[in-house]
2 protein chains.
Amino acid sequence: MADGNQGLGLQLRSLVKAGGELELSLAKAPIPKPAADEILVRIEATPINPSDLGLLIGAADLSTAKVAGSGDEAVVTAKIAPQFMRAMAARVDQSMPVGNEGAGVVVDAGADAQGLMGKTVAILGGAMYAQYRAVKAADALVVHDDATPKDAASCFVNPLTALGMVGTMRMEGHTALAHTAAASNLGQMLVKICLKDGVELVNIVRNPPQVALLRGIGAKHVVDTSAPSFMEDLIAALSATGATIAFDAIGGGKLAGQILTAMEVAAVQKGGGAFSRYGSTTYKQVYIYGGLDTGPTELNRAFGMQWGLGGFLLTYFIQKVGPAEAAKLRQRVADELKTTFASHYTAEIGLAEVLRPEKLIAINKKSTGEKYLITP
Amino acid sequence: MADGNQGLGLQLRSLVKAGGELELSLAKAPIPKPAADEILVRIEATPINPSDLGLLIGAADLSTAKVAGSGDEAVVTAKIAPQFMRAMAARVDQSMPVGNEGAGVVVDAGADAQGLMGKTVAILGGAMYAQYRAVKAADALVVHDDATPKDAASCFVNPLTALGMVGTMRMEGHTALAHTAAASNLGQMLVKICLKDGVELVNIVRNPPQVALLRGIGAKHVVDTSAPSFMEDLIAALSATGATIAFDAIGGGKLAGQILTAMEVAAVQKGGGAFSRYGSTTYKQVYIYGGLDTGPTELNRAFGMQWGLGGFLLTYFIQKVGPAEAAKLRQRVADELKTTFASHYTAEIGLAEVLRPEKLIAINKKSTGEKYLITP
């Protein structure tokens with residue numbers, strides 16, 4: 001497809017203006033010519049993950065969204081309240097491409113990467129909400145022949161984050177884990193990973209249908225924050241599993257602290273030992289990896305002195321384990337793409353459809369289990 | 001002092017009754033006979049640290065305190081609200097001795113510890129609010145000849161915690177640190193340690209007199225939470241020092257989160273780099289080691305993904321560094337007892353004086369820099 005290199009491809013752009021306005025549009029970007037060690041991928045499927053929404057929409061108030069023009073020429077604008085502009089300082093007035101991951105077909109390749117021509121690959125690295133993307137050949141994950149770009153669209157963020165949770169659990173000396181917003185695509189992958197690997201998992205969800213969903217795929221411990229017995233249920237599940245590490249997608253509110261408190265109660269019950277005003281000697285860790293609730297995190301600190309709360313990001317996990325282990329994890333994703341790591345999407349939309357305010361509002365709701373797939 | 005072993009010594013006891021009542025009294029306990037490797041210490045000075053108050057008073061409401069009897073026979077009672085009784089479960093109906101550390105003179109010694117007879121020693125390990133305490137000879141810190149028991153009363157908790165902060169800073173790869181409630185006895189020790197060791201320290205205090213106090217002993221960076229420019233001052237001090245770890249004595253409220261936020265702003269300014277919605281790549285850590293504010297900790301999470309918050313307790317630091325390093329730190333305390341590690345006390349009181357409600361209320365206020373010394 002040599003002529004692709006002379007053409008233009010559509011690329012979704014997000015621009016924050018100094019005056020406090022978000023602008024989304026489709027740019028016509030030159031289709032890159034791959035270097036010797038690169039491939040050019042025609043993106044056919046790229047998911048909108050919660051982790052994409054920060055860059056795409058950020059703190060803009062979508063109830064103020066307006067659209068000018070139509071189709072590929074549409075431009076959406078929305079206001080950003082002044083108090084959120086400080087956090088935007090580093091990106092003001094830069095038109096930024098969006099999209100962490102995607103999949104497609106290799107349509108051009110540098111001299112050292114000819115073997116990948118025509119293959120379906122999954123890629124990671126930003127600027128995926130576009131028709132074409134060039135990447136290092138070594139960074140592409142070649143999927144099995146029976147996998148389509150749609151199957152392969154979400155190969156990295158959710159699968160590797162879920163694997164990273166189990167890996168972190170092991171690295172930091174824990175033997176079981178807990179997870180919130182556990183009915184999400186990522187949560188369902190984690191259930192399947194843990195079943196396969198024989199790791200005990202406490203799933204924390206928000207309502208009875210989510211309990212049913214996870215039980216349906218084999219989850220053993222599911223507790224529901226909407227149940228009056230939530231804290232007792234959580235303590236019982238943490239006791240039964242011995243989970244002393246949790247990964248929290250919610251961030252805001254009291255949940256992270258409740259998990260630490262429940263872990264502490266479980267540890268004290270297990271220890272059965274003498275009173276210490278410093279609490280149990282069991283180390284308890286919660287990592288916040290998402291911000292479904294962007295409000296403040298509130299900790300009552302009723303969990304002794306052996307605890308930690310921190311941020312968890314896939315990038316840092318990959319840096320910690322190193323390239324050899326990362327390659328193993330990626331291969332596992334490719335091998336189990338249609339089982340453990342199967343994703344479910346609410347709807348498929350074209351690039352231009354993202355530029356519709358009502359669609360943006362639906363996408364930005366971040367309902368558990370709801371997920372959109374862009375097919376550029 | 002062979003006859004001491006046949007007598008009785010006064011020992012302060014704290015008892016939480018299942019009905020929701022705290023009872024403080026002086027028990028007459030048999031004076032222990034030291035084993036071969038033990039010494040018997042006549043306690044002459046023992047401080048009331050914030051860390052003692054949890055066991056001594058806990059969640060009791062001192063405004064309800066009543067006293068029956070007088071002198072050594074006095075018994076103080078105070079109510080504990082039902083919501084706090086759950087945390088007390090492990091100690092209910094056990095009469096508990098109190099007092100983490102103290103100093104005194106060796107008045108009896110086992111066969112293997114005769115060399116310590118008559119020495120002034122500092123000891124750690126609970127039950128110090130008493131006239132006599134037997135401990136392993138190896139655990140006692142023999143102070144220099146010119147040091148009195150009063151000089152040596154606070155050899156462990158504050159000095160080793162302050163040294164533990166600098167040690168933790170180094171172990172975890174940071175090069176400067178911040179400290180809250182920095183005008184405390186411990187804070188002043190930390191200022192002196194950092195001056196001596198050439199470590200940059202950001203002191204966070206609550207009012208202008210505390211700023212003056214710390215400047216008076218040579219502190220370079222002091223920021224005041226009551227100043228309107230607090231956040232700007234904090235960011236500037238963190239930028240100037242490069243401090244990416246902080247130790248927080250307060251716990252409740254927004255301060256821990258403000259420190260993480262200010263560290264993040266300092267890191268982003270320094271990086272000067274491209275926008276990342278995941279924040280800077282600089283790892284930022286706050287350890288909560290006290291609970292001067294027992295209310296919830298509130299985090300706005302405006303500090304990216306590279307952060308940690310956790311508990312810090314001297315015991316776990318000592319376990320991490322091991323006995324050889326711990327011995328070095330203890331020797332440093334003995335060597336610098338009258339300079340770096342000098343403590344200041346608001347008042348000296350006898351054991352029986354603790355059993356006065358008005359005194360208990362004063363002790364429990366935990367005002368920065370206020371500290372009581374018991375002279376049994």
# chains A, B, ... in the order shown; residues from 1 in each chain; ligands from 1
call {"tool": "interface_residues", "arguments": {"of": "chain A", "to": "chain B", "cutoff": "7 Å", "atoms": "only C-alpha atoms", "output": "VMD selection string"}}
result
chain A and resid 54 to 55 90 to 91 274 to 275 277 295 to 301 305 to 313
call {"tool": "atom_distance", "arguments": {"atom1": "atom CA of B:Val223", "atom2": "atom CA of B:Ala178"}}
result
10.3 Å
call {"tool": "select_by_dssp", "arguments": {"residues": "stretch 95-212 of chain A", "states": "helix (DSSP H, G or I)", "output": "PyMOL selection string"}}
result
chain A and resi 111-116+137-139+149-152+157-171+185-197+208-212
call {"tool": "residues_around", "arguments": {"residues": "B:Leu314", "least_positions_apart": "6", "cutoff": "8 Å", "atoms": "only C-alpha atoms", "output": "ChimeraX atom specification"}}
result
/B:157,160-161,164
call {"tool": "write_last_selection", "arguments": {"atoms": "N, CA, C and O atoms", "output": "short mmCIF file (atom, residue, chain, number, x, y, z; two decimals), in the first residue's frame"}}
result
data_model
loop_
_atom_site.label_atom_id
_atom_site.label_comp_id
_atom_site.auth_asym_id
_atom_site.auth_seq_id
_atom_site.Cartn_x
_atom_site.Cartn_y
_atom_site.Cartn_z
N VAL B 157 11.71 6.48 72.20
CA VAL B 157 10.58 6.75 71.31
C VAL B 157 10.88 7.92 70.37
O VAL B 157 10.89 7.76 69.15
N LEU B 160 14.73 7.64 68.47
CA LEU B 160 14.82 6.60 67.45
C LEU B 160 13.80 6.80 66.34
O LEU B 160 14.06 6.47 65.18
N THR B 161 12.63 7.37 66.69
CA THR B 161 11.66 7.66 65.63
C THR B 161 12.23 8.72 64.68
O THR B 161 12.14 8.58 63.45
N GLY B 164 14.79 7.16 62.72
CA GLY B 164 14.11 6.24 61.80
C GLY B 164 13.56 6.96 60.58
O GLY B 164 13.49 6.38 59.49
#
call {"tool": "residues_around", "arguments": {"residues": "stretch 124-132 of chain A", "least_positions_apart": "3", "cutoff": "6 Å", "atoms": "only C-alpha atoms", "output": "short mmCIF file (atom, residue, chain, number, x, y, z; two decimals) with all heavy atoms, in the first residue's frame"}}
result
data_model
loop_
_atom_site.label_atom_id
_atom_site.label_comp_id
_atom_site.auth_asym_id
_atom_site.auth_seq_id
_atom_site.Cartn_x
_atom_site.Cartn_y
_atom_site.Cartn_z
N GLY A 9 -4.60 10.71 6.78
CA GLY A 9 -5.53 9.89 7.55
C GLY A 9 -6.18 10.71 8.64
O GLY A 9 -5.59 11.68 9.13
N LEU A 10 -7.39 10.33 9.01
CA LEU A 10 -8.09 11.07 10.07
C LEU A 10 -7.52 10.69 11.44
O LEU A 10 -7.18 9.53 11.70
CB LEU A 10 -9.58 10.76 10.04
CG LEU A 10 -10.34 11.25 8.80
CD1 LEU A 10 -11.79 10.76 8.85
CD2 LEU A 10 -10.28 12.78 8.70
N GLN A 11 -7.44 11.69 12.30
CA GLN A 11 -6.91 11.47 13.64
C GLN A 11 -7.70 12.34 14.61
O GLN A 11 -7.79 13.55 14.40
CB GLN A 11 -5.42 11.85 13.66
CG GLN A 11 -4.73 11.49 14.95
CD GLN A 11 -3.28 11.95 14.95
OE1 GLN A 11 -3.01 13.14 14.82
NE2 GLN A 11 -2.36 11.01 15.10
N LEU A 12 -8.25 11.74 15.65
CA LEU A 12 -9.03 12.50 16.63
C LEU A 12 -8.08 13.34 17.49
O LEU A 12 -7.04 12.84 17.94
CB LEU A 12 -9.83 11.54 17.51
CG LEU A 12 -10.84 12.18 18.46
CD1 LEU A 12 -11.98 12.84 17.68
CD2 LEU A 12 -11.39 11.15 19.42
N VAL A 41 0.20 0.52 10.76
CA VAL A 41 -1.01 -0.26 11.04
C VAL A 41 -2.23 0.55 10.64
O VAL A 41 -2.36 1.73 10.99
CB VAL A 41 -1.09 -0.62 12.55
CG1 VAL A 41 -2.35 -1.44 12.85
CG2 VAL A 41 0.18 -1.36 12.99
N ARG A 42 -3.14 -0.09 9.89
CA ARG A 42 -4.43 0.53 9.62
C ARG A 42 -5.34 0.12 10.78
O ARG A 42 -5.69 -1.06 10.94
CB ARG A 42 -4.99 0.01 8.28
CG ARG A 42 -6.26 0.75 7.83
CD ARG A 42 -6.78 0.21 6.52
NE ARG A 42 -7.27 -1.17 6.72
CZ ARG A 42 -6.93 -2.21 5.93
NH1 ARG A 42 -6.15 -2.05 4.89
NH2 ARG A 42 -7.41 -3.41 6.20
N ILE A 43 -5.64 1.10 11.64
CA ILE A 43 -6.39 0.81 12.87
C ILE A 43 -7.83 0.44 12.51
O ILE A 43 -8.52 1.21 11.85
CB ILE A 43 -6.41 2.03 13.81
CG1 ILE A 43 -5.00 2.55 14.10
CG2 ILE A 43 -7.14 1.71 15.11
CD1 ILE A 43 -4.20 1.72 15.03
N PRO A 97 -3.35 14.07 20.17
CA PRO A 97 -4.00 12.85 19.72
C PRO A 97 -4.34 11.97 20.94
O PRO A 97 -3.72 12.11 21.99
CB PRO A 97 -2.94 12.19 18.84
CG PRO A 97 -1.64 12.70 19.35
CD PRO A 97 -1.90 14.06 19.93
N VAL A 98 -5.31 11.09 20.77
CA VAL A 98 -5.87 10.34 21.90
C VAL A 98 -5.96 8.86 21.55
O VAL A 98 -6.00 8.51 20.36
CB VAL A 98 -7.28 10.87 22.25
CG1 VAL A 98 -7.78 10.29 23.58
CG2 VAL A 98 -7.30 12.39 22.32
N GLY A 99 -6.05 8.02 22.57
CA GLY A 99 -6.29 6.59 22.35
C GLY A 99 -5.09 5.74 22.72
O GLY A 99 -4.09 5.70 22.00
N ASN A 100 -5.18 5.02 23.82
CA ASN A 100 -4.03 4.28 24.32
C ASN A 100 -3.69 3.03 23.52
O ASN A 100 -2.53 2.68 23.40
CB ASN A 100 -4.27 3.87 25.78
CG ASN A 100 -4.03 5.01 26.73
OD1 ASN A 100 -3.05 5.76 26.59
ND2 ASN A 100 -4.91 5.18 27.70
N GLU A 101 -4.73 2.34 23.04
CA GLU A 101 -4.45 1.04 22.41
C GLU A 101 -5.41 0.79 21.26
O GLU A 101 -6.45 1.44 21.15
CB GLU A 101 -4.58 -0.08 23.45
CG GLU A 101 -5.99 -0.25 24.00
CD GLU A 101 -6.11 -1.35 25.06
OE1 GLU A 101 -5.24 -2.25 25.07
OE2 GLU A 101 -7.07 -1.29 25.85
N GLY A 102 -5.05 -0.15 20.43
CA GLY A 102 -5.91 -0.50 19.32
C GLY A 102 -5.36 -1.70 18.57
O GLY A 102 -4.32 -2.26 18.95
N PRO A 376 -12.31 2.95 13.23
CA PRO A 376 -11.96 4.08 12.36
C PRO A 376 -12.10 3.74 10.88
O PRO A 376 -12.22 4.61 10.04
CB PRO A 376 -10.50 4.38 12.70
CG PRO A 376 -10.26 3.73 14.04
CD PRO A 376 -11.15 2.53 14.05
#
call {"tool": "select_by_dssp", "arguments": {"residues": "stretch 103-302 of chain B", "states": "strand (DSSP E)", "output": "MDAnalysis selection string"}}
result
chainID B and resid 103:109 120:124 132:136 141:142 176:180 200:205 221:224 245:248 251:253 284:288 293:299
call {"tool": "write_last_selection", "arguments": {"atoms": "C-alpha atoms", "output": "compact mmCIF listing (two decimals), in the first residue's frame"}}
result
# COMPACT_ATOMS: atom_id res chain seq x y z
CA ALA B 103 15.12 5.62 82.91
CA GLY B 104 16.45 4.87 86.33
CA VAL B 105 19.14 3.23 88.37
CA VAL B 106 19.98 -0.48 88.38
CA VAL B 107 19.25 -1.66 91.93
CA ASP B 108 19.49 -5.41 91.42
CA ALA B 109 20.99 -7.60 88.71
CA THR B 120 21.88 4.81 85.09
CA VAL B 121 20.07 3.15 82.21
CA ALA B 122 17.32 3.93 79.75
CA ILE B 123 14.84 1.15 79.04
CA LEU B 124 11.96 0.45 76.69
CA TYR B 132 10.39 -0.85 89.50
CA ARG B 133 10.82 -2.68 86.21
CA ALA B 134 12.95 -5.74 85.37
CA VAL B 135 14.33 -5.99 81.82
CA LYS B 136 16.95 -7.96 79.90
CA LEU B 141 20.97 1.55 77.17
CA VAL B 142 23.70 2.60 79.60
CA ALA B 176 15.36 15.20 51.70
CA LEU B 177 12.29 15.02 53.89
CA ALA B 178 9.37 16.97 55.32
CA HIS B 179 7.86 16.76 58.81
CA THR B 180 4.61 18.00 60.34
CA GLU B 200 17.53 19.07 53.93
CA LEU B 201 14.33 19.22 55.98
CA VAL B 202 11.01 21.01 55.41
CA ASN B 203 9.38 21.77 58.77
CA ILE B 204 5.59 22.22 58.73
CA VAL B 205 4.19 23.96 61.80
CA HIS B 221 12.83 25.70 55.83
CA VAL B 222 9.80 26.30 58.04
CA VAL B 223 6.30 26.70 56.61
CA ASP B 224 3.21 27.65 58.56
CA ILE B 245 9.01 11.90 51.55
CA ALA B 246 7.17 13.31 54.55
CA PHE B 247 6.34 12.12 58.05
CA ASP B 248 3.03 13.32 59.41
CA GLY B 251 -3.04 12.11 60.38
CA GLY B 252 -6.53 13.59 60.11
CA GLY B 253 -7.69 16.29 57.71
CA LYS B 284 6.04 10.74 46.48
CA GLN B 285 5.53 9.20 49.93
CA VAL B 286 3.82 10.38 53.11
CA TYR B 287 3.98 8.28 56.28
CA ILE B 288 1.49 8.96 59.05
CA ASP B 293 -6.07 14.76 64.64
CA THR B 294 -8.04 11.54 64.97
CA GLY B 295 -10.55 12.60 62.29
CA PRO B 296 -10.53 11.08 58.80
CA THR B 297 -7.64 11.62 56.40
CA GLU B 298 -8.91 13.33 53.26
CA LEU B 299 -7.01 13.02 49.98
call {"tool": "closest_residue", "arguments": {"among": "B:Ser343, B:Thr46, B:Gln114, B:Thr148", "to": "B:Ser184", "atoms": "only C-alpha atoms"}}
result
B:Ser343
call {"tool": "atom_distance", "arguments": {"atom1": "atom CA of A:Gly69", "atom2": "atom CA of A:Ile349"}}
result
18.6 Å
call {"tool": "residues_around", "arguments": {"residues": "B:Leu163", "least_positions_apart": "6", "cutoff": "9 Å", "atoms": "only C-alpha atoms", "output": "count of residues only"}}
result
4
call {"tool": "residues_around", "arguments": {"residues": "stretch 357-360 of chain B", "least_positions_apart": "3", "cutoff": "8 Å", "atoms": "only C-alpha atoms", "output": "CSV table (one decimal) with all heavy atoms, in the first residue's frame"}}
result
chain,number,residue,atom,x,y,z
B,62,LEU,N,-12.9,12.3,79.0
B,62,LEU,CA,-12.3,12.7,80.3
B,62,LEU,C,-13.2,13.8,81.0
B,62,LEU,O,-13.1,14.1,82.2
B,62,LEU,CB,-10.9,13.3,80.2
B,62,LEU,CG,-9.9,12.2,79.8
B,62,LEU,CD1,-8.5,12.8,79.6
B,62,LEU,CD2,-9.8,11.1,80.9
B,65,ALA,N,-14.8,12.2,83.8
B,65,ALA,CA,-14.0,11.6,84.8
B,65,ALA,C,-14.4,11.9,86.2
B,65,ALA,O,-14.7,13.0,86.6
B,65,ALA,CB,-12.5,12.0,84.6
B,66,LYS,N,-14.4,10.8,87.1
B,66,LYS,CA,-14.6,11.0,88.5
B,66,LYS,C,-13.5,10.3,89.3
B,66,LYS,O,-12.9,9.3,88.8
B,66,LYS,CB,-16.0,10.3,88.9
B,66,LYS,CG,-17.2,11.1,88.4
B,66,LYS,CD,-18.4,10.3,88.7
B,66,LYS,CE,-19.6,11.1,88.0
B,66,LYS,NZ,-20.7,10.2,87.8
B,67,VAL,N,-13.3,10.8,90.5
B,67,VAL,CA,-12.2,10.2,91.2
B,67,VAL,C,-12.8,9.7,92.6
B,67,VAL,O,-13.6,10.4,93.2
B,67,VAL,CB,-11.0,11.1,91.4
B,67,VAL,CG1,-11.4,12.4,92.1
B,67,VAL,CG2,-9.8,10.4,92.1
B,76,VAL,N,-9.6,6.6,89.3
B,76,VAL,CA,-10.3,7.5,88.3
B,76,VAL,C,-11.1,6.7,87.4
B,76,VAL,O,-10.7,5.7,86.9
B,76,VAL,CB,-9.3,8.3,87.5
B,76,VAL,CG1,-10.0,9.2,86.5
B,76,VAL,CG2,-8.4,9.2,88.4
B,353,GLU,N,-0.2,11.6,90.9
B,353,GLU,CA,-0.8,12.9,90.3
B,353,GLU,C,-1.5,12.6,89.0
B,353,GLU,O,-2.3,13.3,88.6
B,353,GLU,CB,0.3,13.9,90.1
B,353,GLU,CG,0.7,14.7,91.3
B,353,GLU,CD,1.7,15.7,91.0
B,353,GLU,OE1,1.4,16.8,90.6
B,353,GLU,OE2,3.0,15.4,91.2
B,354,VAL,N,-1.1,11.5,88.3
B,354,VAL,CA,-1.7,11.1,87.1
B,354,VAL,C,-3.2,10.8,87.4
B,354,VAL,O,-4.0,10.9,86.5
B,354,VAL,CB,-1.0,9.9,86.4
B,354,VAL,CG1,-1.7,9.4,85.2
B,354,VAL,CG2,0.4,10.2,86.2
B,363,ILE,N,-2.8,16.6,80.2
B,363,ILE,CA,-1.9,15.6,79.6
B,363,ILE,C,-2.4,15.2,78.2
B,363,ILE,O,-1.7,15.1,77.2
B,363,ILE,CB,-1.7,14.4,80.5
B,363,ILE,CG1,-0.9,14.7,81.7
B,363,ILE,CG2,-1.0,13.3,79.7
B,363,ILE,CD1,-0.9,13.6,82.8
B,364,ASN,N,-3.7,15.0,78.2
B,364,ASN,CA,-4.4,14.4,77.0
B,364,ASN,C,-4.6,15.5,75.8
B,364,ASN,O,-5.0,15.1,74.8
B,364,ASN,CB,-5.7,13.8,77.3
B,364,ASN,CG,-6.2,12.8,76.3
B,364,ASN,OD1,-5.3,12.0,75.8
B,364,ASN,ND2,-7.5,12.7,76.1
call {"tool": "residues_around", "arguments": {"residues": "A:Gln188", "least_positions_apart": "5", "cutoff": "9 Å", "atoms": "only C-alpha atoms", "output": "PDB file with all heavy atoms, in the first residue's frame"}}
result
ATOM      1  N   ALA A 182     -15.738  -4.643  40.356  1.00  0.00           N
ATOM      2  CA  ALA A 182     -15.246  -5.943  39.888  1.00  0.00           C
ATOM      3  C   ALA A 182     -16.056  -6.536  38.753  1.00  0.00           C
ATOM      4  O   ALA A 182     -15.664  -7.546  38.172  1.00  0.00           O
ATOM      5  CB  ALA A 182     -15.191  -6.925  41.063  1.00  0.00           C
ATOM      6  N   ALA A 183     -17.185  -5.917  38.405  1.00  0.00           N
ATOM      7  CA  ALA A 183     -17.974  -6.429  37.275  1.00  0.00           C
ATOM      8  C   ALA A 183     -17.540  -5.810  35.950  1.00  0.00           C
ATOM      9  O   ALA A 183     -18.088  -6.132  34.899  1.00  0.00           O
ATOM     10  CB  ALA A 183     -19.460  -6.168  37.507  1.00  0.00           C
ATOM     11  N   ILE A 193      -8.609 -14.971  35.250  1.00  0.00           N
ATOM     12  CA  ILE A 193      -7.186 -15.204  35.548  1.00  0.00           C
ATOM     13  C   ILE A 193      -7.054 -15.942  36.876  1.00  0.00           C
ATOM     14  O   ILE A 193      -6.316 -16.921  36.997  1.00  0.00           O
ATOM     15  CB  ILE A 193      -6.412 -13.861  35.644  1.00  0.00           C
ATOM     16  CG1 ILE A 193      -6.348 -13.173  34.282  1.00  0.00           C
ATOM     17  CG2 ILE A 193      -4.998 -14.087  36.196  1.00  0.00           C
ATOM     18  CD1 ILE A 193      -5.868 -11.713  34.369  1.00  0.00           C
ATOM     19  N   LEU A 214     -20.993 -11.887  38.017  1.00  0.00           N
ATOM     20  CA  LEU A 214     -19.706 -12.492  38.379  1.00  0.00           C
ATOM     21  C   LEU A 214     -19.870 -13.936  38.838  1.00  0.00           C
ATOM     22  O   LEU A 214     -19.043 -14.793  38.521  1.00  0.00           O
ATOM     23  CB  LEU A 214     -19.005 -11.651  39.456  1.00  0.00           C
ATOM     24  CG  LEU A 214     -18.491 -10.290  38.970  1.00  0.00           C
ATOM     25  CD1 LEU A 214     -17.643  -9.624  40.053  1.00  0.00           C
ATOM     26  CD2 LEU A 214     -17.668 -10.429  37.690  1.00  0.00           C
ATOM     27  N   ILE A 217     -19.842 -16.257  35.939  1.00  0.00           N
ATOM     28  CA  ILE A 217     -18.570 -16.657  35.296  1.00  0.00           C
ATOM     29  C   ILE A 217     -17.656 -17.366  36.299  1.00  0.00           C
ATOM     30  O   ILE A 217     -16.470 -17.548  36.048  1.00  0.00           O
ATOM     31  CB  ILE A 217     -17.842 -15.461  34.634  1.00  0.00           C
ATOM     32  CG1 ILE A 217     -17.490 -14.374  35.647  1.00  0.00           C
ATOM     33  CG2 ILE A 217     -18.690 -14.878  33.498  1.00  0.00           C
ATOM     34  CD1 ILE A 217     -16.534 -13.317  35.089  1.00  0.00           C
ATOM     35  N   ALA A 219     -17.123 -16.669  39.767  1.00  0.00           N
ATOM     36  CA  ALA A 219     -16.516 -15.994  40.927  1.00  0.00           C
ATOM     37  C   ALA A 219     -17.059 -16.585  42.227  1.00  0.00           C
ATOM     38  O   ALA A 219     -18.261 -16.819  42.357  1.00  0.00           O
ATOM     39  CB  ALA A 219     -16.805 -14.500  40.876  1.00  0.00           C
ATOM     40  N   THR A 340      -9.960 -15.936  28.389  1.00  0.00           N
ATOM     41  CA  THR A 340      -9.702 -15.095  29.568  1.00  0.00           C
ATOM     42  C   THR A 340      -9.827 -13.608  29.267  1.00  0.00           C
ATOM     43  O   THR A 340     -10.370 -12.852  30.069  1.00  0.00           O
ATOM     44  CB  THR A 340      -8.267 -15.363  30.088  1.00  0.00           C
ATOM     45  OG1 THR A 340      -8.057 -16.776  30.159  1.00  0.00           O
ATOM     46  CG2 THR A 340      -8.050 -14.734  31.448  1.00  0.00           C
ATOM     47  N   PHE A 341      -9.326 -13.196  28.114  1.00  0.00           N
ATOM     48  CA  PHE A 341      -9.194 -11.764  27.861  1.00  0.00           C
ATOM     49  C   PHE A 341     -10.203 -11.232  26.844  1.00  0.00           C
ATOM     50  O   PHE A 341      -9.993 -10.195  26.231  1.00  0.00           O
ATOM     51  CB  PHE A 341      -7.749 -11.445  27.450  1.00  0.00           C
ATOM     52  CG  PHE A 341      -6.756 -11.856  28.501  1.00  0.00           C
ATOM     53  CD1 PHE A 341      -5.922 -12.953  28.317  1.00  0.00           C
ATOM     54  CD2 PHE A 341      -6.696 -11.164  29.709  1.00  0.00           C
ATOM     55  CE1 PHE A 341      -5.025 -13.345  29.301  1.00  0.00           C
ATOM     56  CE2 PHE A 341      -5.805 -11.559  30.705  1.00  0.00           C
ATOM     57  CZ  PHE A 341      -4.968 -12.652  30.500  1.00  0.00           C
ATOM     58  N   SER A 343     -13.171  -9.199  25.504  1.00  0.00           N
ATOM     59  CA  SER A 343     -13.823  -7.956  25.926  1.00  0.00           C
ATOM     60  C   SER A 343     -15.225  -7.863  25.358  1.00  0.00           C
ATOM     61  O   SER A 343     -15.523  -8.475  24.331  1.00  0.00           O
ATOM     62  CB  SER A 343     -13.009  -6.741  25.459  1.00  0.00           C
ATOM     63  OG  SER A 343     -11.832  -6.613  26.202  1.00  0.00           O
TER      64      SER A 343
END
call {"tool": "atom_distance", "arguments": {"atom1": "atom CA of A:Val16", "atom2": "atom CA of A:Ser95"}}
result
7.6 Å
call {"tool": "closest_residue", "arguments": {"among": "B:Met171, B:Met263, B:Ile374, B:Val321", "to": "B:Glu44", "atoms": "only C-alpha atoms"}}
result
B:Ile374
